[in-house]
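Colleague: My questions will all concern the structure given below.
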Amino acid sequence: MGTGLLTVSCDDWTETESLTIAPQLPEDQNPELFARYAQAIRDYKTRAHYLVFARFDNGRSDNAGEQNYLRSLPDSLDAVILEHADALTESDLEDFPPLQQHFGTKVMASFNLSTIYDEAVSSGKKTATEVGTTLDKLFTIINEHNLDGASIIYTGSLGINSDDPDYTSVSEMRRTLLDKLIQQAKTGKTFYLEADPLFIPQADRDVFSYYILNTVSADNISRLHSQIQQATDYAGIAANRLLITTNPDKTVTVDMKAVDQLPAFTRQVIDAGPVKGLLIQNVIADYAHANATYQETRKSIQTLNPSPLK
């Protein structure tokens with residue numbers, strides 16, 4: 001008898017049944033609660049607080065893991081800078097409106113001015129022309145997909161001394177860059193500069209909302225302080241327009257010990273300035289943790305802005 005029942009049961013178990021799985025987004029599960037939560041996040045971002053930006057390696061066509069989706073980033077991030085604005089995927093485009101509309105997160109394109117300049121020089125092309133053409137393509141993407149602006153990276157010659165061999169080409173490139181940005185700023189676009197602030201003439205400094213120092217290479221706190229001091233005291237950038245940069249994969253020496261750079265630099269936002277905030281490069285490296293996604297990024301936001309919001 002028992003064997004007969006077992007046989008019937010096994011036969012029943014092997015019959016397949018088609019199920020429709022329709023995952024619900026948070027805003028669909030409890031719209032009223034989600035609306036209150038999203039409003040609280042937006043309100044938080046309108047108040048005075050330390051900023052936390054993240055640079056995100058978007059454009060991965062496989063999207064094999066949740067870490068490759070913008071929707072997985074912490075809601076309290078103030079801005080996300082896309083590494084590949086010229087390679088937006090369908091999932092990237094789907095994630096933009098919730099980030100911007102629900103949480104007030106700025107979605108920015110990344111523009112590597114150094115790369116364009118170097119490629120123009122190596123190919124014998126006029127640098128200002130190449131930069132202008134590439135910027136026009138970028139602004140087409142920005143405007144077509146309603147991005148909030150761009151973060152400009154530059155690590156080359158400053159071109160501020162007339163005896164510099166690159167003075168003319170860098171000066172022409174810089175003028176083209178600034179003229180293009182000024183026109184876009186009139187339409188409400190926002191710009192950040194990831195470069196030595198001295199690259200931008202004093203008269204044009206207001207084109208950029210924030211100046212982001214590339215401090216990832218600072219291997220100890222003293223060097224970090226030195227970079228901040230040079231930007232504030234020598235270049236004349238107000239501390240409330242200055243961000244430092246960190247990477248979850250890097251370490252820094254503190255009291256002769258190597259410690260993780262992200263939490264150490266988070267504390268230095270206040271201790272070394274205070275400055276306005278922090279840019280986390282390679283943020284995807286912080287995705288996987290046993291207890292929470294983007295655990296150290298969330299801790300940085302919480303450390304700088306003590307609040308129940310994460």
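Residue numbering restarts at 1 for every chain of the structure tokens, chains are lettered A, B, ... in their displayed order, and ligands are numbered from 1 as they appear.
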Excluding same-chain residues fewer than 3 positions from Ser151 in chain A, what lies within 12 Å of it counting only C-alpha atoms, as JSON, numbers by chain?
Modeller: {"A": [53, 54, 55, 79, 80, 81, 82, 83, 84, 85, 106, 107, 108, 109, 110, 111, 112, 113, 135, 138, 142, 147, 148, 154, 181, 189, 190, 191, 192, 193, 194, 195, 207, 208, 209, 210, 211, 212, 279]}
Colleague: Contacts of Thr127 in chain A at 12 Å or less, counting only C-alpha atoms, minus same-chain residues fewer than 5 places along, as an MDAnalysis selection string?
Modeller: chainID A and resid 113:122 132:134 166:177
Colleague: Would you pick out the contacts of Pro201 in chain A at 12 Å or less, using only C-alpha atoms, so that residues sharing its chain but fewer than 2 positions from it are not included, and give the list as a PDB file with C-alpha atoms, in the first residue's frame?
Modeller:
```pdb
ATOM      1  CA  LEU A 158      47.490  72.689 -17.638  1.00  0.00           C
ATOM      2  CA  GLY A 159      48.532  75.001 -20.460  1.00  0.00           C
ATOM      3  CA  ILE A 160      48.724  78.062 -18.227  1.00  0.00           C
ATOM      4  CA  SER A 171      44.454  76.810 -24.468  1.00  0.00           C
ATOM      5  CA  ARG A 174      40.084  74.610 -23.067  1.00  0.00           C
ATOM      6  CA  ARG A 175      38.315  77.562 -24.694  1.00  0.00           C
ATOM      7  CA  LEU A 178      34.272  76.097 -21.811  1.00  0.00           C
ATOM      8  CA  ASP A 196      43.569  70.159 -11.109  1.00  0.00           C
ATOM      9  CA  PRO A 197      41.406  73.268 -10.531  1.00  0.00           C
ATOM     10  CA  LEU A 198      44.186  75.447 -11.967  1.00  0.00           C
ATOM     11  CA  PHE A 199      43.224  74.106 -15.384  1.00  0.00           C
ATOM     12  CA  ALA A 203      36.828  83.933 -14.618  1.00  0.00           C
ATOM     13  CA  ASP A 204      35.304  80.610 -15.757  1.00  0.00           C
ATOM     14  CA  ARG A 205      35.243  78.729 -12.456  1.00  0.00           C
ATOM     15  CA  ASP A 206      31.462  79.029 -12.024  1.00  0.00           C
ATOM     16  CA  VAL A 207      30.872  76.812 -15.070  1.00  0.00           C
ATOM     17  CA  PHE A 208      31.470  73.861 -12.729  1.00  0.00           C
ATOM     18  CA  ALA A 235      43.928  77.442  -6.526  1.00  0.00           C
ATOM     19  CA  GLY A 236      41.335  79.308  -4.471  1.00  0.00           C
ATOM     20  CA  ILE A 237      38.519  76.765  -4.645  1.00  0.00           C
TER      21      ILE A 237
END
```
Colleague: Using only C-alpha atoms, which protein or nucleic acid residues come within 12 Å of Asp255 in chain A? Drop anything in the same chain fewer than 2 positions from it, and give the result as a list in words.
Modeller: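 In the requested form, the answer reads Asp219, Asn220, Ile221, Ser222, Val252, Thr253, Lys257, Ala258, Val259 and Ala264 of chain A.
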Colleague: Can I get the selected residues back with N, CA and C atoms, as a JSON list (two decimals), in the first residue's frame?
Modeller:
```json
[["chain", "number", "residue", "atom", "x", "y", "z"],
["A", 219, "ASP", "N", 48.68, 57.98, -0.87],
["A", 219, "ASP", "CA", 48.90, 56.75, -0.12],
["A", 219, "ASP", "C", 48.99, 56.97, 1.38],
["A", 220, "ASN", "N", 48.84, 58.22, 1.82],
["A", 220, "ASN", "CA", 48.75, 58.49, 3.25],
["A", 220, "ASN", "C", 47.92, 59.76, 3.46],
["A", 221, "ILE", "N", 47.51, 59.99, 4.68],
["A", 221, "ILE", "CA", 46.60, 61.09, 4.98],
["A", 221, "ILE", "C", 47.27, 62.45, 4.77],
["A", 222, "SER", "N", 48.55, 62.54, 5.03],
["A", 222, "SER", "CA", 49.26, 63.80, 4.84],
["A", 222, "SER", "C", 49.21, 64.26, 3.40],
["A", 252, "VAL", "N", 45.03, 52.91, 2.26],
["A", 252, "VAL", "CA", 45.81, 54.10, 2.57],
["A", 252, "VAL", "C", 46.50, 53.85, 3.91],
["A", 253, "THR", "N", 47.67, 54.44, 4.09],
["A", 253, "THR", "CA", 48.41, 54.26, 5.33],
["A", 253, "THR", "C", 47.94, 55.25, 6.39],
["A", 257, "LYS", "N", 49.73, 51.86, 9.36],
["A", 257, "LYS", "CA", 49.01, 50.64, 9.02],
["A", 257, "LYS", "C", 48.20, 50.87, 7.75],
["A", 258, "ALA", "N", 48.11, 49.86, 6.90],
["A", 258, "ALA", "CA", 47.30, 49.94, 5.69],
["A", 258, "ALA", "C", 45.84, 49.66, 6.06],
["A", 259, "VAL", "N", 44.97, 50.61, 5.77],
["A", 259, "VAL", "CA", 43.54, 50.45, 6.05],
["A", 259, "VAL", "C", 42.76, 50.72, 4.77],
["A", 264, "ALA", "N", 38.33, 55.41, 5.47],
["A", 264, "ALA", "CA", 39.33, 56.38, 5.95],
["A", 264, "ALA", "C", 39.12, 57.74, 5.31]]
```
Colleague: Which parts of range 169-280 of chain A does DSSP call strand (DSSP E or B) when run on the backbone here, written out as a ChimeraX atom specification?
Modeller: /A:190-194,210-212,220,242-246,251-254,257-260,277-280
Colleague: Neighbours of range 45-47 of chain A within 8 Å (only C-alpha atoms; same-chain residues fewer than 3 positions away dropped), as a list of chain:residue names?
Modeller: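 Listing them by chain and then by number gives A:Ile41, A:Arg42, A:Ser76, A:Asp78, A:Gly104.
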Colleague: Once you have the residues from the selection above, write them out as a PDB file, in the first residue's frame, restricted to C-alpha atoms.
Modeller:
```pdb
ATOM      1  CA  ILE A  41      14.911  61.043   0.200  1.00  0.00           C
ATOM      2  CA  ARG A  42      14.273  64.053  -2.032  1.00  0.00           C
ATOM      3  CA  SER A  76      20.733  58.420  -0.998  1.00  0.00           C
ATOM      4  CA  ASP A  78      23.520  62.441  -4.723  1.00  0.00           C
ATOM      5  CA  GLY A 104      16.425  63.289  -7.060  1.00  0.00           C
TER       6      GLY A 104
END
```
Colleague: If you run DSSP on the backbone here, which positions in range 159-201 of chain A get alpha helix (DSSP H)? Please write them as a count of residues only.
Modeller: 19
Colleague: With only C-alpha atoms as the counted atoms, please give the residues lying no more than 9 Å from range 283-293 of chain A, apart from itself and same-chain residues fewer than 6 positions off, as a ChimeraX atom specification.
Modeller: /A:54-57,67-68,72-74,247-249
Colleague: Quick check, in Å to one decimal: how far apart do CA of Ile228 in chain A and CA of Leu278 in chain A lie?
Modeller: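 Taking CA of Ile228 in chain A as the start and CA of Leu278 in chain A as the end point, the length is 12.4 Å.
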Colleague: Please determine, counting only C-alpha atoms, which residue among A:Thr303, A:Gly149, A:Ser217, A:Arg267 has the shortest atom-to-atom distance to Thr105 in chain A.
Modeller: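 Of all the options, A:Gly149 lies closest to Thr105 in chain A.
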Colleague: So, with only C-alpha atoms as the atoms that count, which of A:Tyr234, A:Ile270, A:Gln29, A:Val216 lies closest to Thr246 in chain A?
Modeller: A:Val216
